[in-house]
Amino acid sequence: MKHLLLLFIFIGTVGFAQSNLPTDYFSDPLEIPMILSGSFGELRSNHFHSGLDIKTQQREGIPVYAPADGYVSRIKVQHYGYGKALYLKHPNGYSTVYAHLSKYAGDIQEYVKDKQYANEKYELELYPDASILPVKKGEIIGYTGNSGSSGGPHLHYEIRDASSRPMNPMKFGVEIPDTKKPIINSVFAYP
């Protein structure tokens with residue numbers, strides 16, 4: 001009986017546990033309606049999806065905005081995978097990732113171009129010092145695209161914790177309109 005009581009207390013407290021995630025820290029990375037083509041945790045052919053794929057109205061070149069102050073901590077340019085990807089570190093310990101970009105904005109684009117010419121190659125992986133490419137909340141950091149292993153124009157957006165573990169962006173206040181009612185096709189009961 002004592003174990004049963006402890007189980008009920010444990011289940012009751014877990015159900016009321018509060019999340020300490022900052023739900024009002026990050027703004028949306030796009031200024032168009034946030035409609036998803038892929039969600040966090042979806043099962044893919046060989047992995048779980050680690051971010052949100054945001055539709056871009058079948059267009060490339062839509063500005064991507066820094067959702068909070070921070071700095072560019074990593075830039076990766078490749079023909080496959082994330083294509084043109086950008087990683088920002090933020091003062092709260094989290095980082096954000098933007099993939100399949102068509103190009104980077106302003107100083108970031110110039111920095112990448114200079115490094116490509118200096119290394120005489122297109123594909124790069126760069127880790128700029130925190131003082132080189134600072135960004136402010138709301139600043140344009142890149143433009144949506146279809147680079148890398150992408151099936152169409154969209155923005156792949158991730159939020160990672162201080163250990164670089166992917167976190168569900170929707171738990172940080174990203175709101176996705178959901179106007180479609182679920183349809184129950186069947187119900188099963190098991191003994």
# chains A, B, ... in the order shown; residues from 1 in each chain; ligands from 1
$ closest_atom_pairs --of "segment 67-174 of chain A" --to "segment 19-32 of chain A" --cutoff "6 Å" --atoms "only C-alpha atoms" --output "JSON lines"
{"residue": "A:Pro67", "atom": "CA", "partner": "A:Ser27", "partner_atom": "CA", "distance": 4.5}
{"residue": "A:Ala68", "atom": "CA", "partner": "A:Phe26", "partner_atom": "CA", "distance": 5.5}
{"residue": "A:Phe172", "atom": "CA", "partner": "A:Thr23", "partner_atom": "CA", "distance": 4.2}
{"residue": "A:Gly173", "atom": "CA", "partner": "A:Thr23", "partner_atom": "CA", "distance": 4.5}
$ write_last_selection --atoms "N, CA and C atoms" --output "PDB file, in the first residue's frame"
ATOM      1  N   PRO A  67      16.681  35.597 -33.905  1.00  0.00           N
ATOM      2  CA  PRO A  67      15.586  35.626 -32.935  1.00  0.00           C
ATOM      3  C   PRO A  67      15.978  36.224 -31.586  1.00  0.00           C
ATOM      4  N   ALA A  68      17.269  36.479 -31.403  1.00  0.00           N
ATOM      5  CA  ALA A  68      17.774  37.078 -30.163  1.00  0.00           C
ATOM      6  C   ALA A  68      19.198  37.561 -30.419  1.00  0.00           C
ATOM      7  N   PHE A 172       9.564  26.707 -26.837  1.00  0.00           N
ATOM      8  CA  PHE A 172      10.169  28.011 -26.578  1.00  0.00           C
ATOM      9  C   PHE A 172       9.257  29.156 -27.002  1.00  0.00           C
ATOM     10  N   GLY A 173       8.006  28.849 -27.278  1.00  0.00           N
ATOM     11  CA  GLY A 173       7.055  29.902 -27.627  1.00  0.00           C
ATOM     12  C   GLY A 173       6.803  30.064 -29.113  1.00  0.00           C
TER      13      GLY A 173
END
$ residues_around --residues "segment 124-132 of chain A" --least-positions-apart "3" --cutoff "9 Å" --atoms "only C-alpha atoms" --output "list in words"
Gly70, Tyr71, Val72, Ser73, Arg74, Ile75, Lys76, Val77, Gln78, Lys89, Val112, Lys115, Gln116, Asn119 and Lys121 of chain A
$ atom_distance --atom1 "atom CA of Tyr82 of chain A" --atom2 "atom CA of Leu155 of chain A"
10.1 Å
$ residues_around --residues "Ile176 of chain A" --least-positions-apart "3" --cutoff "9 Å" --atoms "only C-alpha atoms" --output "ChimeraX atom specification"
/A:33-36,170
$ closest_atom_pairs --of "segment 123-164 of chain A" --to "segment 90-110 of chain A" --cutoff "9 Å" --atoms "only C-alpha atoms" --output "JSON lines"
{"residue": "A:Leu133", "atom": "CA", "partner": "A:Ile108", "partner_atom": "CA", "distance": 6.9}
{"residue": "A:Ile140", "atom": "CA", "partner": "A:Ala105", "partner_atom": "CA", "distance": 6.3}
{"residue": "A:Ile141", "atom": "CA", "partner": "A:Ala105", "partner_atom": "CA", "distance": 4.9}
{"residue": "A:Gly142", "atom": "CA", "partner": "A:Tyr104", "partner_atom": "CA", "distance": 3.9}
{"residue": "A:Tyr143", "atom": "CA", "partner": "A:Lys103", "partner_atom": "CA", "distance": 5.6}
{"residue": "A:Thr144", "atom": "CA", "partner": "A:Leu101", "partner_atom": "CA", "distance": 4.6}
{"residue": "A:Gly145", "atom": "CA", "partner": "A:Ser102", "partner_atom": "CA", "distance": 4.1}
{"residue": "A:Asn146", "atom": "CA", "partner": "A:His100", "partner_atom": "CA", "distance": 5.2}
{"residue": "A:Ser147", "atom": "CA", "partner": "A:His100", "partner_atom": "CA", "distance": 4.5}
{"residue": "A:Gly148", "atom": "CA", "partner": "A:His100", "partner_atom": "CA", "distance": 6.0}
{"residue": "A:Ser149", "atom": "CA", "partner": "A:His100", "partner_atom": "CA", "distance": 7.9}
{"residue": "A:Ser150", "atom": "CA", "partner": "A:His100", "partner_atom": "CA", "distance": 6.8}
{"residue": "A:Pro153", "atom": "CA", "partner": "A:His100", "partner_atom": "CA", "distance": 7.8}
{"residue": "A:His154", "atom": "CA", "partner": "A:His100", "partner_atom": "CA", "distance": 7.1}
{"residue": "A:Leu155", "atom": "CA", "partner": "A:Ala99", "partner_atom": "CA", "distance": 6.1}
{"residue": "A:His156", "atom": "CA", "partner": "A:Ala99", "partner_atom": "CA", "distance": 5.0}
{"residue": "A:Tyr157", "atom": "CA", "partner": "A:Tyr98", "partner_atom": "CA", "distance": 5.0}
{"residue": "A:Glu158", "atom": "CA", "partner": "A:Val97", "partner_atom": "CA", "distance": 4.9}
{"residue": "A:Ile159", "atom": "CA", "partner": "A:Thr96", "partner_atom": "CA", "distance": 4.5}
{"residue": "A:Arg160", "atom": "CA", "partner": "A:Ser95", "partner_atom": "CA", "distance": 5.2}
{"residue": "A:Asp161", "atom": "CA", "partner": "A:Tyr94", "partner_atom": "CA", "distance": 4.7}
{"residue": "A:Ala162", "atom": "CA", "partner": "A:Gly93", "partner_atom": "CA", "distance": 5.2}
{"residue": "A:Ser163", "atom": "CA", "partner": "A:Tyr94", "partner_atom": "CA", "distance": 8.7}
{"residue": "A:Ser164", "atom": "CA", "partner": "A:Ser95", "partner_atom": "CA", "distance": 7.5}
$ write_last_selection --atoms "N, CA and C atoms" --output "compact mmCIF listing (two decimals), in the first residue's frame"
# COMPACT_ATOMS: atom_id res chain seq x y z
N LEU A 133 31.46 38.21 -35.70
CA LEU A 133 30.15 38.40 -36.34
C LEU A 133 29.03 38.44 -35.30
N ILE A 140 18.73 40.86 -40.05
CA ILE A 140 18.71 39.84 -41.12
C ILE A 140 20.05 39.13 -41.12
N ILE A 141 19.99 37.78 -41.04
CA ILE A 141 21.22 36.97 -40.99
C ILE A 141 21.41 36.12 -42.25
N GLY A 142 20.34 35.95 -43.03
CA GLY A 142 20.41 35.14 -44.23
C GLY A 142 19.09 35.18 -44.97
N TYR A 143 19.01 34.33 -46.01
CA TYR A 143 17.81 34.27 -46.85
C TYR A 143 17.46 32.82 -47.10
N THR A 144 16.17 32.53 -47.04
CA THR A 144 15.72 31.15 -47.22
C THR A 144 16.11 30.63 -48.59
N GLY A 145 16.22 29.30 -48.68
CA GLY A 145 16.63 28.71 -49.94
C GLY A 145 16.28 27.24 -50.05
N ASN A 146 17.09 26.56 -50.85
CA ASN A 146 16.87 25.16 -51.17
C ASN A 146 18.21 24.45 -51.29
N SER A 147 19.21 24.90 -50.53
CA SER A 147 20.56 24.35 -50.66
C SER A 147 20.68 23.03 -49.90
N GLY A 148 21.68 22.25 -50.28
CA GLY A 148 21.93 20.96 -49.63
C GLY A 148 20.91 19.92 -50.02
N SER A 149 20.65 19.00 -49.10
CA SER A 149 19.71 17.90 -49.37
C SER A 149 18.29 18.35 -49.03
N SER A 150 17.78 19.25 -49.82
CA SER A 150 16.46 19.83 -49.57
C SER A 150 15.54 19.45 -50.72
N PRO A 153 12.13 24.68 -51.41
CA PRO A 153 12.46 25.83 -50.56
C PRO A 153 11.77 25.76 -49.20
N HIS A 154 12.55 25.92 -48.15
CA HIS A 154 12.05 25.98 -46.78
C HIS A 154 13.19 26.42 -45.87
N LEU A 155 12.85 26.71 -44.62
CA LEU A 155 13.86 26.99 -43.61
C LEU A 155 13.84 25.88 -42.58
N HIS A 156 14.98 25.24 -42.38
CA HIS A 156 15.14 24.28 -41.28
C HIS A 156 15.64 25.09 -40.09
N TYR A 157 14.89 25.05 -38.97
CA TYR A 157 15.18 25.88 -37.79
C TYR A 157 15.28 24.99 -36.56
N GLU A 158 16.37 25.15 -35.82
CA GLU A 158 16.59 24.37 -34.60
C GLU A 158 16.92 25.29 -33.44
N ILE A 159 16.59 24.83 -32.24
CA ILE A 159 17.11 25.42 -31.01
C ILE A 159 17.82 24.29 -30.27
N ARG A 160 19.05 24.57 -29.83
CA ARG A 160 19.86 23.58 -29.12
C ARG A 160 20.24 24.12 -27.74
N ASP A 161 20.38 23.20 -26.79
CA ASP A 161 20.80 23.62 -25.45
C ASP A 161 22.31 23.80 -25.42
N ALA A 162 22.85 24.13 -24.24
CA ALA A 162 24.28 24.41 -24.09
C ALA A 162 25.15 23.22 -24.44
N SER A 163 24.59 22.00 -24.40
CA SER A 163 25.34 20.80 -24.78
C SER A 163 25.11 20.43 -26.24
N SER A 164 24.47 21.32 -26.98
CA SER A 164 24.18 21.15 -28.41
C SER A 164 23.13 20.07 -28.69
$ select_by_dssp --residues "segment 8-124 of chain A" --states "strand (DSSP E)" --output "PyMOL selection string"
chain A and resi 36-38+52-55+63-65+70-77+84-89+95-104+124
$ write_last_selection --atoms "N, CA and C atoms" --output "tab-separated table (two decimals), in the first residue's frame"
chain	number	residue	atom	x	y	z
A	36	LEU	N	4.29	24.61	-41.14
A	36	LEU	CA	5.32	23.58	-41.14
A	36	LEU	C	5.16	22.58	-42.27
A	37	SER	N	6.32	22.12	-42.78
A	37	SER	CA	6.35	20.96	-43.67
A	37	SER	C	7.01	19.78	-42.96
A	38	GLY	N	7.63	20.04	-41.81
A	38	GLY	CA	8.23	19.00	-41.00
A	38	GLY	C	8.31	19.46	-39.56
A	52	LEU	N	12.40	22.29	-36.89
A	52	LEU	CA	11.17	22.56	-37.62
A	52	LEU	C	11.52	22.91	-39.05
A	53	ASP	N	10.79	22.36	-40.00
A	53	ASP	CA	10.91	22.78	-41.39
A	53	ASP	C	9.74	23.73	-41.66
A	54	ILE	N	10.08	24.99	-41.93
A	54	ILE	CA	9.07	26.03	-42.10
A	54	ILE	C	8.91	26.32	-43.58
A	55	LYS	N	7.67	26.19	-44.08
A	55	LYS	CA	7.39	26.46	-45.48
A	55	LYS	C	7.65	27.93	-45.79
A	63	PRO	N	13.86	36.93	-46.14
A	63	PRO	CA	14.82	37.24	-45.06
A	63	PRO	C	14.61	36.37	-43.83
A	64	VAL	N	15.73	35.94	-43.25
A	64	VAL	CA	15.76	35.18	-41.99
A	64	VAL	C	16.33	36.12	-40.94
A	65	TYR	N	15.64	36.23	-39.79
A	65	TYR	CA	16.01	37.18	-38.75
A	65	TYR	C	16.59	36.47	-37.53
A	70	GLY	N	23.19	37.72	-30.10
A	70	GLY	CA	24.16	36.64	-30.03
A	70	GLY	C	25.30	36.86	-31.00
A	71	TYR	N	25.90	35.77	-31.44
A	71	TYR	CA	26.97	35.86	-32.42
A	71	TYR	C	26.99	34.60	-33.28
A	72	VAL	N	27.55	34.74	-34.47
A	72	VAL	CA	27.70	33.59	-35.37
A	72	VAL	C	28.82	32.73	-34.82
A	73	SER	N	28.48	31.49	-34.46
A	73	SER	CA	29.47	30.59	-33.86
A	73	SER	C	29.97	29.53	-34.84
A	74	ARG	N	29.19	29.30	-35.89
A	74	ARG	CA	29.57	28.28	-36.87
A	74	ARG	C	28.88	28.58	-38.19
A	75	ILE	N	29.62	28.35	-39.27
A	75	ILE	CA	29.07	28.47	-40.62
A	75	ILE	C	29.50	27.22	-41.36
A	76	LYS	N	28.56	26.59	-42.02
A	76	LYS	CA	28.90	25.40	-42.80
A	76	LYS	C	28.29	25.54	-44.19
A	77	VAL	N	29.12	25.33	-45.20
A	77	VAL	CA	28.69	25.37	-46.59
A	77	VAL	C	29.03	24.02	-47.20
A	84	LYS	N	23.79	25.47	-47.09
A	84	LYS	CA	24.32	26.66	-46.41
A	84	LYS	C	23.63	26.75	-45.06
A	85	ALA	N	24.42	26.58	-44.00
A	85	ALA	CA	23.86	26.57	-42.64
A	85	ALA	C	24.58	27.61	-41.78
A	86	LEU	N	23.83	28.13	-40.81
A	86	LEU	CA	24.34	29.15	-39.91
A	86	LEU	C	23.95	28.79	-38.49
A	87	TYR	N	24.90	28.95	-37.56
A	87	TYR	CA	24.68	28.63	-36.15
A	87	TYR	C	24.94	29.90	-35.32
A	88	LEU	N	23.96	30.27	-34.50
A	88	LEU	CA	24.11	31.42	-33.62
A	88	LEU	C	24.16	30.95	-32.17
A	89	LYS	N	25.05	31.54	-31.38
A	89	LYS	CA	25.08	31.30	-29.93
A	89	LYS	C	24.46	32.53	-29.27
A	95	SER	N	21.61	27.83	-28.50
A	95	SER	CA	22.04	28.20	-29.85
A	95	SER	C	20.89	27.90	-30.81
A	96	THR	N	20.90	28.60	-31.93
A	96	THR	CA	19.88	28.38	-32.96
A	96	THR	C	20.58	28.05	-34.27
A	97	VAL	N	19.92	27.24	-35.08
A	97	VAL	CA	20.49	26.74	-36.33
A	97	VAL	C	19.52	27.05	-37.47
A	98	TYR	N	20.07	27.46	-38.61
A	98	TYR	CA	19.30	27.81	-39.80
A	98	TYR	C	19.93	27.08	-40.98
A	99	ALA	N	19.15	26.27	-41.69
A	99	ALA	CA	19.73	25.46	-42.76
A	99	ALA	C	18.97	25.61	-44.07
A	100	HIS	N	19.63	25.21	-45.14
A	100	HIS	CA	19.14	25.26	-46.52
A	100	HIS	C	19.00	26.70	-47.02
A	101	LEU	N	19.83	27.59	-46.51
A	101	LEU	CA	19.79	29.00	-46.91
A	101	LEU	C	20.25	29.16	-48.36
A	102	SER	N	19.75	30.21	-49.03
A	102	SER	CA	20.23	30.51	-50.38
A	102	SER	C	21.51	31.34	-50.30
A	103	LYS	N	21.56	32.22	-49.31
A	103	LYS	CA	22.77	33.01	-49.06
A	103	LYS	C	22.70	33.59	-47.66
A	104	TYR	N	23.85	34.08	-47.21
A	104	TYR	CA	23.95	34.74	-45.92
A	104	TYR	C	23.76	36.24	-46.14
A	124	LEU	N	32.96	24.74	-46.89
A	124	LEU	CA	33.71	25.22	-45.73
A	124	LEU	C	32.99	24.86	-44.45
$ atom_distance --atom1 "atom CA of Gln58 of chain A" --atom2 "atom CA of His79 of chain A"
20.4 Å
$ atom_distance --atom1 "atom CA of Gly51 of chain A" --atom2 "atom CA of Gly151 of chain A"
15.7 Å
$ select_by_dssp --residues "segment 5-134 of chain A" --states "helix (DSSP H, G or I)" --output "list in words"
Leu5, Leu6, Leu7, Phe8, Ile9, Phe10, Ile11, Gly12, Thr13, Val14, Gly15, Gly106, Asp107, Ile108, Gln109, Glu110, Tyr111, Val112, Lys113, Asp114, Lys115, Gln116, Tyr117, Ala118 and Asn119 of chain A
$ write_last_selection --atoms "N, CA and C atoms" --output "compact mmCIF listing (two decimals), in the first residue's frame"
# COMPACT_ATOMS: atom_id res chain seq x y z
N LEU A 5 0.90 4.40 -2.75
CA LEU A 5 0.74 5.80 -2.37
C LEU A 5 1.90 6.63 -2.93
N LEU A 6 3.12 6.14 -2.82
CA LEU A 6 4.28 6.84 -3.37
C LEU A 6 4.18 6.98 -4.89
N LEU A 7 3.68 5.96 -5.55
CA LEU A 7 3.51 6.02 -7.00
C LEU A 7 2.52 7.13 -7.37
N PHE A 8 1.40 7.23 -6.67
CA PHE A 8 0.41 8.26 -6.95
C PHE A 8 0.98 9.66 -6.69
N ILE A 9 1.75 9.82 -5.64
CA ILE A 9 2.37 11.11 -5.34
C ILE A 9 3.35 11.48 -6.45
N PHE A 10 4.16 10.52 -6.87
CA PHE A 10 5.14 10.78 -7.94
C PHE A 10 4.43 11.17 -9.23
N ILE A 11 3.43 10.42 -9.64
CA ILE A 11 2.70 10.71 -10.88
C ILE A 11 2.02 12.08 -10.79
N GLY A 12 1.46 12.40 -9.64
CA GLY A 12 0.81 13.68 -9.45
C GLY A 12 1.75 14.86 -9.55
N THR A 13 2.96 14.73 -8.99
CA THR A 13 3.91 15.84 -9.06
C THR A 13 4.52 15.98 -10.44
N VAL A 14 4.73 14.89 -11.15
CA VAL A 14 5.28 14.96 -12.50
C VAL A 14 4.30 15.68 -13.42
N GLY A 15 3.03 15.44 -13.23
CA GLY A 15 2.01 16.06 -14.07
C GLY A 15 1.95 17.57 -13.93
N GLY A 106 24.78 40.33 -45.54
CA GLY A 106 25.80 41.34 -45.26
C GLY A 106 27.18 40.85 -44.91
N ASP A 107 27.61 41.18 -43.68
CA ASP A 107 28.97 40.85 -43.22
C ASP A 107 29.22 39.34 -43.20
N ILE A 108 28.18 38.57 -42.93
CA ILE A 108 28.34 37.11 -42.88
C ILE A 108 28.67 36.60 -44.28
N GLN A 109 27.97 37.08 -45.29
CA GLN A 109 28.21 36.67 -46.68
C GLN A 109 29.63 37.06 -47.11
N GLU A 110 30.05 38.27 -46.76
CA GLU A 110 31.41 38.73 -47.12
C GLU A 110 32.47 37.87 -46.43
N TYR A 111 32.25 37.55 -45.18
CA TYR A 111 33.18 36.72 -44.41
C TYR A 111 33.33 35.34 -45.07
N VAL A 112 32.19 34.73 -45.44
CA VAL A 112 32.22 33.42 -46.09
C VAL A 112 32.93 33.50 -47.44
N LYS A 113 32.58 34.49 -48.22
CA LYS A 113 33.20 34.65 -49.55
C LYS A 113 34.72 34.81 -49.43
N ASP A 114 35.16 35.64 -48.50
CA ASP A 114 36.60 35.84 -48.29
C ASP A 114 37.29 34.52 -47.92
N LYS A 115 36.67 33.74 -47.04
CA LYS A 115 37.24 32.45 -46.64
C LYS A 115 37.24 31.45 -47.79
N GLN A 116 36.19 31.47 -48.63
CA GLN A 116 36.15 30.56 -49.79
C GLN A 116 37.29 30.88 -50.76
N TYR A 117 37.50 32.16 -51.03
CA TYR A 117 38.59 32.54 -51.93
C TYR A 117 39.96 32.23 -51.31
N ALA A 118 40.10 32.49 -50.04
CA ALA A 118 41.38 32.23 -49.37
C ALA A 118 41.71 30.73 -49.37
N ASN A 119 40.68 29.89 -49.22
CA ASN A 119 40.88 28.43 -49.19
C ASN A 119 40.73 27.79 -50.57
$ closest_residue --among "A:Ser39, A:Pro191, A:Lys137, A:Asn46" --to "Val174 of chain A" --atoms "only C-alpha atoms"
A:Ser39
